[in-house]
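Here's the structure we're looking at; comments come further down.
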Amino acid sequence: MRKLIYGMNLTLDGYIAAPRDDIGWSVPSDELFQFWSDQLRATDLSFYGRRLWQTMSSHWPTADRQPDATPAEIEFARSWRDMSKVVFSSTIDKVDWNTRLVTGDAVAEITRLKAEDGGPMDIGGATLAGAAMRAGLIDEYVLATAPVLAGGGTPFFTALDNWVNLNLVETRTLPGGVILTRYETRR
């Protein structure tokens, strides 16, 4: 069975985006950017909801060709473009860059793929991750908590039907006061 990981940058009060999808508060240090790059390279398959897919696909496919791109950004862009991805949406009809579109039941498809042999998978987007959380599919949570309060926006965690018990696996402080924590779901 494959491991499913949900991780993102978030504010201290728990938001992945401030109101109006503002993520200007989230400027990762080189160390945090490298952490996410390492996570990406260790991932066999990424799941995206429509909104996060549109954000990622509007930047990363060509980010390695920008004149001011750093070596780390170039590496991330190429890895992202080449990796296998699944987008769950009923409102878009086309995806590119080694990506498959699924318009049906996201939880059923994630469950099916999780049961297969293979390496880790990650999930991005609060709505999609919330559905996977409620279905008990997430094995690990990775939080990169920035020392900023947004006061509202898109929460990292959505409403759950039951609590989820976790074990702390890792914690470290990164530049800029970002606290990285990893938790495994206690089964």
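Chains: A, B, ... in order of the structure tokens. Residues: from 1 per chain. Ligands: from 1, in order shown.
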Got a sec: who's within 9 Å of region 25-30 of chain A, counting only C-alpha atoms, leaving out chain neighbours fewer than 2 positions off, as a short mmCIF file (atom, residue, chain, number, x, y, z; two decimals) with all heavy atoms, in the first residue's frame?
data_model
loop_
_atom_site.label_atom_id
_atom_site.label_comp_id
_atom_site.auth_asym_id
_atom_site.auth_seq_id
_atom_site.Cartn_x
_atom_site.Cartn_y
_atom_site.Cartn_z
N ASN A 9 2.72 24.96 2.88
CA ASN A 9 3.05 26.11 3.72
C ASN A 9 1.75 26.66 4.28
O ASN A 9 0.73 26.69 3.57
CB ASN A 9 3.73 27.20 2.89
CG ASN A 9 5.05 26.75 2.30
OD1 ASN A 9 5.68 25.81 2.77
ND2 ASN A 9 5.48 27.42 1.25
N LEU A 10 1.77 27.10 5.53
CA LEU A 10 0.58 27.68 6.12
C LEU A 10 0.96 28.74 7.14
O LEU A 10 2.09 28.80 7.60
CB LEU A 10 -0.31 26.61 6.76
CG LEU A 10 0.19 25.87 7.99
CD1 LEU A 10 -0.99 25.45 8.84
CD2 LEU A 10 0.94 24.63 7.57
N THR A 11 -0.03 29.57 7.45
CA THR A 11 0.17 30.63 8.44
C THR A 11 0.03 30.03 9.84
O THR A 11 -0.52 28.93 10.01
CB THR A 11 -0.88 31.74 8.27
OG1 THR A 11 -2.18 31.20 8.51
CG2 THR A 11 -0.82 32.34 6.87
N ILE A 16 -3.69 28.29 4.32
CA ILE A 16 -2.74 28.09 3.21
C ILE A 16 -2.80 29.26 2.24
O ILE A 16 -1.89 29.43 1.43
CB ILE A 16 -2.97 26.76 2.48
CG1 ILE A 16 -4.38 26.66 1.89
CG2 ILE A 16 -2.68 25.60 3.41
CD1 ILE A 16 -4.62 25.44 1.03
N ALA A 17 -3.86 30.04 2.32
CA ALA A 17 -4.00 31.27 1.53
C ALA A 17 -4.83 32.24 2.34
O ALA A 17 -5.78 31.85 3.02
CB ALA A 17 -4.66 31.00 0.18
N ALA A 18 -4.46 33.51 2.29
CA ALA A 18 -5.24 34.56 2.94
C ALA A 18 -6.46 34.86 2.06
O ALA A 18 -6.61 34.28 0.98
CB ALA A 18 -4.37 35.81 3.11
N ASP A 22 -4.64 35.08 -1.55
CA ASP A 22 -3.35 35.76 -1.42
C ASP A 22 -2.35 34.86 -0.71
O ASP A 22 -2.56 34.46 0.44
CB ASP A 22 -3.55 37.06 -0.64
CG ASP A 22 -2.28 37.87 -0.49
OD1 ASP A 22 -1.21 37.44 -0.98
OD2 ASP A 22 -2.35 38.94 0.15
N ILE A 23 -1.25 34.52 -1.41
CA ILE A 23 -0.19 33.73 -0.79
C ILE A 23 1.11 34.53 -0.72
O ILE A 23 2.19 33.96 -0.58
CB ILE A 23 0.03 32.38 -1.53
CG1 ILE A 23 0.37 32.61 -3.01
CG2 ILE A 23 -1.17 31.46 -1.37
CD1 ILE A 23 0.84 31.36 -3.72
N LEU A 32 13.76 25.91 2.97
CA LEU A 32 12.40 25.38 2.84
C LEU A 32 12.12 24.98 1.40
O LEU A 32 11.53 23.93 1.14
CB LEU A 32 11.37 26.41 3.31
CG LEU A 32 9.90 25.98 3.21
CD1 LEU A 32 9.64 24.68 3.97
CD2 LEU A 32 8.99 27.10 3.72
N PHE A 33 12.55 25.80 0.45
CA PHE A 33 12.36 25.46 -0.96
C PHE A 33 13.06 24.13 -1.27
O PHE A 33 12.51 23.28 -1.97
CB PHE A 33 12.90 26.58 -1.86
CG PHE A 33 12.48 26.42 -3.29
CD1 PHE A 33 11.24 26.85 -3.71
CD2 PHE A 33 13.33 25.84 -4.21
CE1 PHE A 33 10.84 26.69 -5.03
CE2 PHE A 33 12.95 25.68 -5.53
CZ PHE A 33 11.69 26.12 -5.94
N GLN A 34 14.27 23.93 -0.72
CA GLN A 34 14.99 22.67 -0.94
C GLN A 34 14.24 21.50 -0.31
O GLN A 34 14.18 20.41 -0.89
CB GLN A 34 16.41 22.75 -0.37
CG GLN A 34 17.25 21.54 -0.71
CD GLN A 34 17.45 21.37 -2.20
OE1 GLN A 34 17.90 22.29 -2.87
NE2 GLN A 34 17.10 20.21 -2.73
N PHE A 35 13.65 21.72 0.88
CA PHE A 35 12.87 20.66 1.51
C PHE A 35 11.73 20.22 0.59
O PHE A 35 11.53 19.03 0.36
CB PHE A 35 12.30 21.12 2.87
CG PHE A 35 11.34 20.13 3.45
CD1 PHE A 35 11.79 19.03 4.14
CD2 PHE A 35 9.96 20.29 3.27
CE1 PHE A 35 10.90 18.09 4.66
CE2 PHE A 35 9.06 19.35 3.78
CZ PHE A 35 9.54 18.26 4.48
N ALA A 72 17.80 26.19 -8.11
CA ALA A 72 16.80 25.41 -7.38
C ALA A 72 15.43 25.48 -8.06
O ALA A 72 14.71 24.48 -8.15
CB ALA A 72 16.70 25.89 -5.94
N ALA A 146 4.47 29.37 8.92
CA ALA A 146 5.14 30.67 8.87
C ALA A 146 4.66 31.54 10.02
O ALA A 146 3.50 31.47 10.43
CB ALA A 146 4.85 31.36 7.54
N VAL A 148 3.19 34.24 10.66
CA VAL A 148 2.31 35.30 10.17
C VAL A 148 0.88 34.88 10.44
O VAL A 148 0.57 33.68 10.42
CB VAL A 148 2.55 35.58 8.66
CG1 VAL A 148 2.23 34.36 7.82
CG2 VAL A 148 1.77 36.77 8.18
N ALA A 150 -2.99 35.35 9.14
CA ALA A 150 -3.77 35.81 7.99
C ALA A 150 -5.16 36.29 8.41
O ALA A 150 -5.76 37.11 7.72
CB ALA A 150 -3.90 34.70 6.96
N LEU A 174 13.33 26.54 10.62
CA LEU A 174 13.98 26.96 9.38
C LEU A 174 14.15 28.48 9.40
O LEU A 174 13.55 29.17 10.23
CB LEU A 174 13.13 26.53 8.19
CG LEU A 174 12.88 25.03 8.06
CD1 LEU A 174 11.93 24.74 6.90
CD2 LEU A 174 14.18 24.28 7.88
N PRO A 175 14.97 29.01 8.51
CA PRO A 175 15.14 30.47 8.45
C PRO A 175 13.81 31.20 8.34
O PRO A 175 12.84 30.69 7.78
CB PRO A 175 15.98 30.66 7.18
CG PRO A 175 16.75 29.39 7.05
CD PRO A 175 15.80 28.31 7.51
N GLY A 176 13.78 32.39 8.90
CA GLY A 176 12.57 33.20 8.88
C GLY A 176 11.56 32.81 9.94
O GLY A 176 10.43 33.30 9.93
N VAL A 178 10.18 29.87 10.32
CA VAL A 178 9.25 28.83 9.87
C VAL A 178 9.53 27.56 10.67
O VAL A 178 10.67 27.15 10.84
CB VAL A 178 9.41 28.56 8.35
CG1 VAL A 178 8.61 27.34 7.91
CG2 VAL A 178 9.00 29.79 7.55
#
Can you list, as a list in words, every residue of region 78-136 of chain A that DSSP puts in strand (DSSP E)?
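Selecting the strand (DSSP E) positions of region 78-136 of chain A gives Ser84, Lys85, Val86, Val87, Phe88, Thr99, Arg100, Leu101, Val102, Met121, Asp122, Ile123 and Gly124 of chain A.
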Okay, now the selection with C-alpha atoms, as a compact mmCIF listing (two decimals), in the first residue's frame?
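The resulting selection-v7.txt:
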# COMPACT_ATOMS: atom_id res chain seq x y z
CA SER A 84 3.11 11.99 -12.82
CA LYS A 85 0.11 14.01 -11.68
CA VAL A 86 -3.64 13.53 -11.37
CA VAL A 87 -6.02 16.49 -11.37
CA PHE A 88 -9.55 16.06 -10.02
CA THR A 99 -1.00 14.79 -16.01
CA ARG A 100 -4.22 12.80 -16.11
CA LEU A 101 -7.65 14.40 -15.54
CA VAL A 102 -10.23 12.59 -13.41
CA MET A 121 1.94 10.01 -3.28
CA ASP A 122 1.13 13.55 -2.22
CA ILE A 123 -2.06 15.53 -2.26
CA GLY A 124 -2.45 19.28 -2.59
What residues in chain A get the DSSP label helix (DSSP H, G or I)? Please answer as a PyMOL selection string.
chain A and resi 19-21+30-41+50-57+60-65+71-82+106-114+126-134+175-177
I want to know what sits within 10 Å of Gly136 (chain A), based on only C-alpha atoms, with residues of the same chain fewer than 5 positions away left out; could you give that as a list in words?
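Listing them by chain and then by number gives Val107, Thr111, Gly130, Ala131, Asn162, Val164, Thr185 and Arg187 of chain A.
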Have a look at A:Leu143, A:Lys94, A:Phe156, A:Leu40 and name the one nearest to Gln54 (chain A); count only C-alpha atoms.
A:Lys94
Excluding Val142 (chain A) and residues on its chain fewer than 2 positions from it, collect all residues at most 10 Å away from it, counting only C-alpha atoms, and give them as a PyMOL selection string.
chain A and resi 5-9+140+144-145+169-171+180-184
Counting only C-alpha atoms, which of A:Asp13, A:Asp117, A:Asp21, A:Glu109 gets nearest to Leu137 (chain A)?
A:Glu109
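Remark: for Pro71 (chain A), the closest of the candidate residues A:Trp97, A:Arg51, A:Ser37, A:Leu45 is A:Ser37 (distances computed over only C-alpha atoms).
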Given only C-alpha atoms as the counted atoms, nearest of A:Ser79, A:Thr55, A:Ser90, A:Thr127 to Trp36 (chain A):
A:Ser79
Which residues come within 9 Å of Asp64 (chain A), counting only C-alpha atoms, excluding same-chain residues fewer than 3 positions away, as a list in words?
Trp60, Pro61, Pro67, Ala69, Thr70, Pro71, Glu73, Ile74, Glu75, Phe76, Ala77 and Arg78 of chain A
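Across A:Ala63, A:Leu4, A:Met133, A:Ile179, the tightest approach to Trp163 (chain A) is made by A:Met133 when counting only C-alpha atoms.
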Which residues are close to Leu113 (chain A), i.e. within 9 Å by only C-alpha atoms, leaving aside same-chain residues fewer than 5 positions away? Reply as a PDB file with all heavy atoms, in the first residue's frame.
ATOM      1  N   MET A   1       0.848  -1.185   0.000  1.00  0.00           N
ATOM      2  CA  MET A   1       0.000   0.000   0.000  1.00  0.00           C
ATOM      3  C   MET A   1       0.893   1.249   0.000  1.00  0.00           C
ATOM      4  O   MET A   1       1.888   1.301   0.718  1.00  0.00           O
ATOM      5  CB  MET A   1      -0.913  -0.001   1.222  1.00  0.00           C
ATOM      6  CG  MET A   1      -1.825   1.199   1.254  1.00  0.00           C
ATOM      7  SD  MET A   1      -3.095   1.107   2.519  1.00  0.00           S
ATOM      8  CE  MET A   1      -4.291   0.124   1.659  1.00  0.00           C
ATOM      9  N   ARG A   2       0.508   2.209  -0.804  1.00  0.00           N
ATOM     10  CA  ARG A   2       1.293   3.431  -0.939  1.00  0.00           C
ATOM     11  C   ARG A   2       0.947   4.437   0.159  1.00  0.00           C
ATOM     12  O   ARG A   2      -0.173   4.482   0.653  1.00  0.00           O
ATOM     13  CB  ARG A   2       1.013   4.057  -2.294  1.00  0.00           C
ATOM     14  CG  ARG A   2       1.382   3.145  -3.429  1.00  0.00           C
ATOM     15  CD  ARG A   2       0.806   3.608  -4.719  1.00  0.00           C
ATOM     16  NE  ARG A   2       1.730   4.523  -5.366  1.00  0.00           N
ATOM     17  CZ  ARG A   2       1.560   4.973  -6.596  1.00  0.00           C
ATOM     18  NH1 ARG A   2       0.509   4.624  -7.295  1.00  0.00           N
ATOM     19  NH2 ARG A   2       2.433   5.785  -7.126  1.00  0.00           N
ATOM     20  N   ALA A 108     -12.650   7.628  -4.390  1.00  0.00           N
ATOM     21  CA  ALA A 108     -12.568   6.268  -4.940  1.00  0.00           C
ATOM     22  C   ALA A 108     -11.285   6.090  -5.742  1.00  0.00           C
ATOM     23  O   ALA A 108     -10.616   5.050  -5.625  1.00  0.00           O
ATOM     24  CB  ALA A 108     -13.792   5.975  -5.809  1.00  0.00           C
TER      25      ALA A 108
END
Distance CA of Gly125 (chain A)-CA of Asn165 (chain A), one decimal place?
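Between these atoms lies a distance of 21.3 Å.
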